[in-house]
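S.K.: Okay, so here is work32.cif, and as you'll see once you scroll down, it has mmCIF, N, CA and C atoms.
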```cif
data_target
#
loop_
_atom_site.label_atom_id
_atom_site.label_comp_id
_atom_site.auth_asym_id
_atom_site.auth_seq_id
_atom_site.Cartn_x
_atom_site.Cartn_y
_atom_site.Cartn_z
N MET A 1 -2.37 -27.58 -22.47
CA MET A 1 -1.16 -26.96 -22.01
C MET A 1 -0.17 -26.89 -23.18
N THR A 2 0.32 -25.70 -23.48
CA THR A 2 1.27 -25.52 -24.56
C THR A 2 2.63 -25.23 -23.98
N VAL A 3 3.56 -26.14 -24.18
CA VAL A 3 4.91 -25.96 -23.67
C VAL A 3 5.82 -25.62 -24.83
N ARG A 4 6.55 -24.57 -24.66
CA ARG A 4 7.52 -24.17 -25.67
C ARG A 4 8.91 -24.48 -25.13
N ARG A 5 9.55 -25.45 -25.69
CA ARG A 5 10.88 -25.84 -25.21
C ARG A 5 11.93 -25.30 -26.17
N GLY A 6 12.86 -24.55 -25.58
CA GLY A 6 13.98 -24.07 -26.37
C GLY A 6 13.70 -22.81 -27.16
N ARG A 7 12.45 -22.49 -27.38
CA ARG A 7 12.12 -21.25 -28.09
C ARG A 7 11.87 -20.15 -27.09
N ARG A 8 11.96 -18.94 -27.53
CA ARG A 8 11.75 -17.80 -26.64
C ARG A 8 10.42 -17.14 -26.95
N ARG A 9 9.69 -16.85 -25.93
CA ARG A 9 8.39 -16.19 -26.04
C ARG A 9 8.62 -14.71 -26.19
N GLY A 10 8.39 -14.15 -27.37
CA GLY A 10 8.55 -12.72 -27.59
C GLY A 10 9.97 -12.25 -27.29
N GLY A 11 10.96 -13.09 -27.56
CA GLY A 11 12.34 -12.74 -27.25
C GLY A 11 12.63 -12.87 -25.77
N GLY A 12 11.72 -13.47 -25.05
CA GLY A 12 11.83 -13.54 -23.60
C GLY A 12 12.38 -14.83 -23.07
N GLU A 13 11.59 -15.53 -22.29
CA GLU A 13 12.06 -16.65 -21.48
C GLU A 13 12.06 -17.98 -22.20
N PRO A 14 13.14 -18.76 -22.03
CA PRO A 14 13.12 -20.13 -22.53
C PRO A 14 12.37 -21.01 -21.54
N TRP A 15 11.98 -22.19 -21.97
CA TRP A 15 11.29 -23.14 -21.10
C TRP A 15 10.07 -22.49 -20.45
N TYR A 16 9.18 -22.02 -21.28
CA TYR A 16 8.01 -21.29 -20.81
C TYR A 16 6.74 -22.03 -21.18
N ASP A 17 5.81 -22.12 -20.24
CA ASP A 17 4.50 -22.73 -20.48
C ASP A 17 3.48 -21.60 -20.45
N ASP A 18 2.65 -21.51 -21.48
CA ASP A 18 1.70 -20.41 -21.57
C ASP A 18 0.77 -20.31 -20.37
N GLU A 19 0.41 -21.43 -19.77
CA GLU A 19 -0.50 -21.41 -18.64
C GLU A 19 0.22 -21.37 -17.29
N ALA A 20 1.26 -22.15 -17.15
CA ALA A 20 1.94 -22.27 -15.86
C ALA A 20 3.03 -21.21 -15.66
N GLY A 21 3.55 -20.68 -16.75
CA GLY A 21 4.63 -19.70 -16.64
C GLY A 21 5.98 -20.39 -16.79
N ARG A 22 6.96 -19.81 -16.15
CA ARG A 22 8.34 -20.30 -16.25
C ARG A 22 8.45 -21.70 -15.66
N LEU A 23 9.09 -22.62 -16.40
CA LEU A 23 9.22 -24.00 -15.95
C LEU A 23 10.50 -24.25 -15.17
N VAL A 24 11.48 -23.36 -15.28
CA VAL A 24 12.72 -23.48 -14.52
C VAL A 24 12.56 -22.66 -13.25
N ARG A 25 12.80 -23.29 -12.12
CA ARG A 25 12.62 -22.63 -10.83
C ARG A 25 13.69 -21.57 -10.59
N PRO A 26 13.32 -20.46 -9.97
CA PRO A 26 14.29 -19.38 -9.71
C PRO A 26 15.53 -19.85 -8.97
N TYR A 27 15.37 -20.80 -8.05
CA TYR A 27 16.49 -21.32 -7.28
C TYR A 27 17.53 -21.95 -8.21
N THR A 28 17.06 -22.56 -9.29
CA THR A 28 17.95 -23.18 -10.27
C THR A 28 18.69 -22.12 -11.08
N VAL A 29 18.03 -21.04 -11.41
CA VAL A 29 18.64 -19.97 -12.20
C VAL A 29 19.86 -19.40 -11.49
N SER A 30 19.78 -19.26 -10.17
CA SER A 30 20.89 -18.67 -9.40
C SER A 30 21.84 -19.74 -8.86
N ASN A 31 21.73 -20.96 -9.36
CA ASN A 31 22.56 -22.09 -8.89
C ASN A 31 22.46 -22.29 -7.38
N GLY A 32 21.29 -22.07 -6.84
CA GLY A 32 21.06 -22.29 -5.42
C GLY A 32 21.50 -21.15 -4.52
N ARG A 33 22.08 -20.11 -5.10
CA ARG A 33 22.55 -18.98 -4.28
C ARG A 33 21.41 -18.02 -3.98
N THR A 34 21.40 -17.51 -2.78
CA THR A 34 20.35 -16.57 -2.37
C THR A 34 20.92 -15.21 -1.96
N ARG A 35 22.24 -15.09 -1.97
CA ARG A 35 22.87 -13.83 -1.60
C ARG A 35 23.81 -13.36 -2.72
N PRO A 36 23.57 -12.17 -3.23
CA PRO A 36 24.49 -11.64 -4.25
C PRO A 36 25.83 -11.27 -3.62
N THR A 37 26.87 -11.22 -4.44
CA THR A 37 28.20 -10.87 -3.95
C THR A 37 28.38 -9.36 -3.79
N ALA A 38 27.42 -8.59 -4.26
CA ALA A 38 27.46 -7.13 -4.12
C ALA A 38 26.09 -6.65 -3.64
N HIS A 39 26.06 -5.47 -3.03
CA HIS A 39 24.80 -4.92 -2.54
C HIS A 39 24.09 -4.18 -3.66
N PHE A 40 22.83 -4.52 -3.86
CA PHE A 40 21.98 -3.84 -4.83
C PHE A 40 20.70 -3.41 -4.14
N ASP A 41 20.35 -2.17 -4.33
CA ASP A 41 19.05 -1.63 -3.92
C ASP A 41 18.13 -1.85 -5.11
N LEU A 42 16.83 -1.85 -4.92
CA LEU A 42 15.92 -2.00 -6.05
C LEU A 42 16.04 -0.84 -7.04
N LEU A 43 16.55 0.30 -6.56
CA LEU A 43 16.71 1.47 -7.41
C LEU A 43 18.12 1.60 -7.98
N THR A 44 19.00 0.66 -7.68
CA THR A 44 20.35 0.68 -8.25
C THR A 44 20.25 0.61 -9.77
N MET A 45 21.00 1.48 -10.43
CA MET A 45 21.00 1.51 -11.89
C MET A 45 22.16 0.67 -12.40
N VAL A 46 21.89 -0.20 -13.37
CA VAL A 46 22.92 -1.02 -13.98
C VAL A 46 22.94 -0.77 -15.48
N MET A 47 24.13 -0.97 -16.07
CA MET A 47 24.26 -0.76 -17.51
C MET A 47 25.35 -1.67 -18.05
N ALA A 48 25.13 -2.21 -19.23
CA ALA A 48 26.09 -3.12 -19.86
C ALA A 48 27.35 -2.35 -20.26
N THR A 49 28.49 -3.02 -20.11
CA THR A 49 29.77 -2.43 -20.49
C THR A 49 30.15 -2.79 -21.92
N GLY A 50 29.50 -3.79 -22.48
CA GLY A 50 29.84 -4.26 -23.83
C GLY A 50 30.69 -5.51 -23.80
N ARG A 51 31.21 -5.89 -22.65
CA ARG A 51 32.00 -7.12 -22.52
C ARG A 51 31.07 -8.31 -22.42
N ARG A 52 31.48 -9.44 -22.99
CA ARG A 52 30.75 -10.71 -22.90
C ARG A 52 31.69 -11.79 -22.38
N PRO A 53 31.93 -11.81 -21.07
CA PRO A 53 32.86 -12.79 -20.52
C PRO A 53 32.30 -14.21 -20.60
N ALA A 54 33.21 -15.17 -20.72
CA ALA A 54 32.81 -16.58 -20.85
C ALA A 54 32.19 -17.12 -19.56
N ALA A 55 32.53 -16.54 -18.43
CA ALA A 55 32.03 -17.05 -17.14
C ALA A 55 30.54 -16.80 -16.94
N CYS A 56 30.00 -15.82 -17.58
CA CYS A 56 28.58 -15.46 -17.39
C CYS A 56 27.81 -15.74 -18.67
N GLN A 57 27.62 -17.00 -18.99
CA GLN A 57 26.90 -17.41 -20.19
C GLN A 57 25.59 -18.06 -19.80
N GLY A 58 24.67 -18.08 -20.70
CA GLY A 58 23.39 -18.72 -20.49
C GLY A 58 22.26 -17.79 -20.87
N PRO A 59 21.07 -18.34 -21.05
CA PRO A 59 19.95 -17.53 -21.51
C PRO A 59 19.53 -16.44 -20.53
N ASP A 60 19.63 -16.70 -19.23
CA ASP A 60 19.22 -15.68 -18.26
C ASP A 60 20.18 -14.50 -18.26
N TYR A 61 21.47 -14.80 -18.34
CA TYR A 61 22.47 -13.73 -18.40
C TYR A 61 22.32 -12.92 -19.69
N ALA A 62 22.08 -13.61 -20.79
CA ALA A 62 21.91 -12.93 -22.08
C ALA A 62 20.68 -12.03 -22.05
N GLN A 63 19.62 -12.51 -21.44
CA GLN A 63 18.40 -11.71 -21.36
C GLN A 63 18.62 -10.45 -20.51
N VAL A 64 19.32 -10.60 -19.39
CA VAL A 64 19.61 -9.45 -18.54
C VAL A 64 20.49 -8.45 -19.29
N LEU A 65 21.53 -8.94 -19.95
CA LEU A 65 22.41 -8.05 -20.70
C LEU A 65 21.65 -7.31 -21.80
N GLY A 66 20.71 -7.99 -22.43
CA GLY A 66 19.89 -7.34 -23.46
C GLY A 66 19.05 -6.21 -22.92
N LEU A 67 18.64 -6.32 -21.67
CA LEU A 67 17.83 -5.27 -21.04
C LEU A 67 18.67 -4.09 -20.57
N CYS A 68 19.98 -4.30 -20.45
CA CYS A 68 20.85 -3.30 -19.85
C CYS A 68 21.64 -2.49 -20.87
N ARG A 69 21.11 -2.33 -22.06
CA ARG A 69 21.82 -1.53 -23.06
C ARG A 69 21.96 -0.08 -22.62
N GLY A 70 20.97 0.39 -21.90
CA GLY A 70 21.01 1.71 -21.30
C GLY A 70 20.80 1.54 -19.81
N PRO A 71 20.92 2.62 -19.04
CA PRO A 71 20.73 2.49 -17.59
C PRO A 71 19.32 2.00 -17.26
N VAL A 72 19.24 1.00 -16.40
CA VAL A 72 17.95 0.43 -15.99
C VAL A 72 18.06 0.01 -14.53
N SER A 73 16.96 0.10 -13.81
CA SER A 73 16.97 -0.23 -12.39
C SER A 73 16.84 -1.74 -12.17
N VAL A 74 17.29 -2.18 -11.01
CA VAL A 74 17.18 -3.58 -10.62
C VAL A 74 15.71 -4.01 -10.62
N ALA A 75 14.84 -3.16 -10.13
CA ALA A 75 13.41 -3.48 -10.07
C ALA A 75 12.83 -3.71 -11.47
N GLU A 76 13.24 -2.88 -12.43
CA GLU A 76 12.75 -3.04 -13.80
C GLU A 76 13.22 -4.35 -14.41
N ILE A 77 14.47 -4.70 -14.17
CA ILE A 77 15.01 -5.94 -14.71
C ILE A 77 14.25 -7.12 -14.12
N ALA A 78 14.05 -7.12 -12.81
CA ALA A 78 13.33 -8.22 -12.16
C ALA A 78 11.93 -8.37 -12.75
N ALA A 79 11.27 -7.25 -13.02
CA ALA A 79 9.92 -7.30 -13.60
C ALA A 79 9.95 -7.87 -15.02
N HIS A 80 10.91 -7.45 -15.80
CA HIS A 80 10.99 -7.92 -17.19
C HIS A 80 11.32 -9.40 -17.29
N ILE A 81 12.22 -9.89 -16.44
CA ILE A 81 12.61 -11.30 -16.54
C ILE A 81 11.74 -12.20 -15.67
N ARG A 82 10.81 -11.60 -14.95
CA ARG A 82 9.84 -12.32 -14.13
C ARG A 82 10.49 -13.27 -13.14
N LEU A 83 11.47 -12.74 -12.42
CA LEU A 83 12.14 -13.48 -11.36
C LEU A 83 12.10 -12.65 -10.09
N PRO A 84 12.15 -13.31 -8.93
CA PRO A 84 12.20 -12.56 -7.68
C PRO A 84 13.43 -11.63 -7.66
N ALA A 85 13.30 -10.53 -6.94
CA ALA A 85 14.38 -9.55 -6.88
C ALA A 85 15.68 -10.15 -6.38
N VAL A 86 15.62 -11.06 -5.41
CA VAL A 86 16.85 -11.63 -4.87
C VAL A 86 17.58 -12.47 -5.92
N VAL A 87 16.87 -13.20 -6.75
CA VAL A 87 17.49 -13.98 -7.82
C VAL A 87 18.06 -13.04 -8.87
N THR A 88 17.34 -12.00 -9.19
CA THR A 88 17.82 -11.00 -10.15
C THR A 88 19.10 -10.36 -9.64
N LYS A 89 19.16 -10.06 -8.35
CA LYS A 89 20.36 -9.46 -7.78
C LYS A 89 21.56 -10.40 -7.87
N VAL A 90 21.34 -11.70 -7.71
CA VAL A 90 22.42 -12.67 -7.83
C VAL A 90 22.95 -12.66 -9.27
N LEU A 91 22.05 -12.68 -10.25
CA LEU A 91 22.47 -12.64 -11.66
C LEU A 91 23.23 -11.35 -11.96
N LEU A 92 22.71 -10.22 -11.46
CA LEU A 92 23.37 -8.94 -11.70
C LEU A 92 24.75 -8.89 -11.05
N ALA A 93 24.87 -9.42 -9.84
CA ALA A 93 26.16 -9.43 -9.16
C ALA A 93 27.17 -10.27 -9.95
N ASP A 94 26.72 -11.40 -10.50
CA ASP A 94 27.61 -12.22 -11.33
C ASP A 94 28.11 -11.41 -12.53
N LEU A 95 27.20 -10.68 -13.15
CA LEU A 95 27.57 -9.90 -14.33
C LEU A 95 28.49 -8.73 -13.98
N VAL A 96 28.30 -8.13 -12.82
CA VAL A 96 29.20 -7.07 -12.36
C VAL A 96 30.57 -7.67 -12.07
N ASP A 97 30.60 -8.82 -11.40
CA ASP A 97 31.87 -9.49 -11.08
C ASP A 97 32.63 -9.87 -12.35
N CYS A 98 31.92 -10.21 -13.42
CA CYS A 98 32.55 -10.59 -14.69
C CYS A 98 32.97 -9.37 -15.51
N GLY A 99 32.53 -8.19 -15.11
CA GLY A 99 32.86 -6.98 -15.85
C GLY A 99 31.90 -6.67 -16.98
N ALA A 100 30.78 -7.39 -17.05
CA ALA A 100 29.80 -7.18 -18.12
C ALA A 100 28.83 -6.05 -17.80
N LEU A 101 28.69 -5.71 -16.51
CA LEU A 101 27.79 -4.63 -16.09
C LEU A 101 28.51 -3.68 -15.15
N THR A 102 28.03 -2.45 -15.13
CA THR A 102 28.44 -1.50 -14.10
C THR A 102 27.19 -1.17 -13.30
N ALA A 103 27.38 -0.86 -12.04
CA ALA A 103 26.24 -0.55 -11.17
C ALA A 103 26.49 0.78 -10.47
N ARG A 104 25.43 1.56 -10.31
CA ARG A 104 25.51 2.83 -9.61
C ARG A 104 24.37 2.89 -8.60
N ALA A 105 24.74 3.10 -7.35
CA ALA A 105 23.73 3.18 -6.28
C ALA A 105 22.86 4.41 -6.47
N PRO A 106 21.61 4.34 -6.02
CA PRO A 106 20.74 5.52 -6.13
C PRO A 106 21.27 6.65 -5.26
N GLU A 107 21.06 7.86 -5.73
CA GLU A 107 21.51 9.02 -4.95
C GLU A 107 20.60 9.22 -3.76
N ALA A 108 21.21 9.52 -2.63
CA ALA A 108 20.44 9.77 -1.41
C ALA A 108 19.76 11.13 -1.50
N VAL A 109 18.55 11.20 -0.98
CA VAL A 109 17.82 12.46 -0.94
C VAL A 109 18.31 13.24 0.28
N PRO A 110 18.75 14.47 0.09
CA PRO A 110 19.25 15.23 1.23
C PRO A 110 18.14 15.54 2.23
N ALA A 111 18.51 15.49 3.49
CA ALA A 111 17.55 15.83 4.54
C ALA A 111 17.41 17.34 4.62
N GLY A 112 16.29 17.78 5.04
CA GLY A 112 16.08 19.22 5.19
C GLY A 112 14.73 19.64 4.64
N PRO A 113 14.49 20.94 4.60
CA PRO A 113 13.18 21.45 4.18
C PRO A 113 12.80 21.05 2.76
N ALA A 114 13.78 20.93 1.86
CA ALA A 114 13.46 20.61 0.47
C ALA A 114 12.92 19.19 0.33
N SER A 115 13.26 18.30 1.25
CA SER A 115 12.82 16.91 1.13
C SER A 115 11.53 16.62 1.88
N ARG A 116 11.01 17.58 2.59
CA ARG A 116 9.76 17.37 3.33
C ARG A 116 8.57 17.28 2.39
N THR A 117 7.60 16.50 2.78
CA THR A 117 6.40 16.32 1.98
C THR A 117 5.49 17.53 2.14
N ASP A 118 4.98 18.01 1.03
CA ASP A 118 4.08 19.16 1.03
C ASP A 118 2.67 18.65 1.32
N ARG A 119 2.17 18.93 2.51
CA ARG A 119 0.86 18.44 2.94
C ARG A 119 -0.26 18.96 2.04
N ALA A 120 -0.19 20.22 1.63
CA ALA A 120 -1.24 20.78 0.78
C ALA A 120 -1.29 20.06 -0.57
N LEU A 121 -0.14 19.72 -1.10
CA LEU A 121 -0.11 19.00 -2.37
C LEU A 121 -0.72 17.61 -2.22
N LEU A 122 -0.37 16.90 -1.14
CA LEU A 122 -0.93 15.58 -0.92
C LEU A 122 -2.45 15.63 -0.72
N GLU A 123 -2.94 16.63 -0.02
CA GLU A 123 -4.39 16.77 0.17
C GLU A 123 -5.08 17.06 -1.15
N ALA A 124 -4.47 17.86 -2.01
CA ALA A 124 -5.05 18.16 -3.32
C ALA A 124 -5.12 16.89 -4.17
N VAL A 125 -4.09 16.08 -4.13
CA VAL A 125 -4.08 14.82 -4.88
C VAL A 125 -5.16 13.90 -4.34
N LEU A 126 -5.26 13.80 -3.03
CA LEU A 126 -6.27 12.95 -2.40
C LEU A 126 -7.68 13.42 -2.78
N ASN A 127 -7.93 14.69 -2.74
CA ASN A 127 -9.25 15.22 -3.12
C ASN A 127 -9.55 14.94 -4.57
N GLY A 128 -8.56 15.07 -5.44
CA GLY A 128 -8.76 14.77 -6.86
C GLY A 128 -9.10 13.30 -7.08
N LEU A 129 -8.42 12.42 -6.34
CA LEU A 129 -8.71 10.99 -6.48
C LEU A 129 -10.11 10.65 -5.97
N ARG A 130 -10.51 11.28 -4.88
CA ARG A 130 -11.85 11.03 -4.35
C ARG A 130 -12.93 11.46 -5.34
N LYS A 131 -12.71 12.56 -6.05
CA LYS A 131 -13.68 13.04 -7.02
C LYS A 131 -13.82 12.06 -8.19
N ARG A 132 -12.72 11.44 -8.59
CA ARG A 132 -12.74 10.49 -9.71
C ARG A 132 -13.38 9.17 -9.34
N LEU A 133 -13.26 8.79 -8.07
CA LEU A 133 -13.80 7.49 -7.65
C LEU A 133 -15.21 7.71 -7.24
#
```
Do you think you could lay out the structure here as structure tokens?

M.R.:
Amino acid sequence: MTVRRGRRRGGGEPWYDDEAGRLVRPYTVSNGRTRPTAHFDLLTMVMATGRRPAACQGPDYAQVLGLCRGPVSVAEIAAHIRLPAVVTKVLLADLVDCGALTARAPEAVPAGPASRTDRALLEAVLNGLRKRL
């Protein structure tokens, strides 16, 4: 078992074990909180504002801010930092509350004929997949 303490794996996570994964439990990362102070959809886009407030310090916050140089979705951030979405949302809400991030909800798809699924297209995709398998 190789434990890397204090160093970052590929610029990634501190306290990482090559075999076991992250050694700090997600519950600890969010200080025991399970509900973010703001609503985030998995498709909500967040982006860093350039501010680095003193209230949101630590390796997890720094890692999230590093990922948010351009617009990125909540789902992408959760995948990159390898934390459950709910913990990621708590971290993101903290950063929004501190003014370090801005968040934009995904645009709703308008109802009507343009949003209906094209059955012929889906059947063509299905037939193509069957031919490959």

S.K.: Using all atoms listed in the file, find the one residue out of A:Ala105, A:Ala62, A:Val87, A:Leu133 that sits nearest to Phe40 of chain A.

M.R.: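 Among the listed residues, A:Ala105 lies closest to Phe40 of chain A.
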
S.K.: For Asp94 of chain A, work out the shell of residues within 6.5 Å, counting all atoms listed in the file and skipping chain neighbours fewer than 4 positions away, then give it as a ChimeraX atom specification.

M.R.: /A:37,56,89-90,98-99

S.K.: Give as a ChimeraX atom specification each residue that has an atom at most 8 Å from (18.6, -8.2, -10.5) in the file, counting only N, CA and C atoms.

M.R.: /A:40,73-79,83-93

S.K.: So what do you get for atom CA of Pro53 of chain A versus atom CA of Glu107 of chain A, distance-wise?

M.R.: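 Calculated distance between atom CA of Pro53 of chain A and atom CA of Glu107 of chain A is 29.1 Å.
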
S.K.: How many Å separate atom C of Arg104 of chain A from atom N of Leu42 of chain A?

M.R.: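 Atom-to-atom, atom C of Arg104 of chain A to atom N of Leu42 of chain A, that is 9.6 Å.
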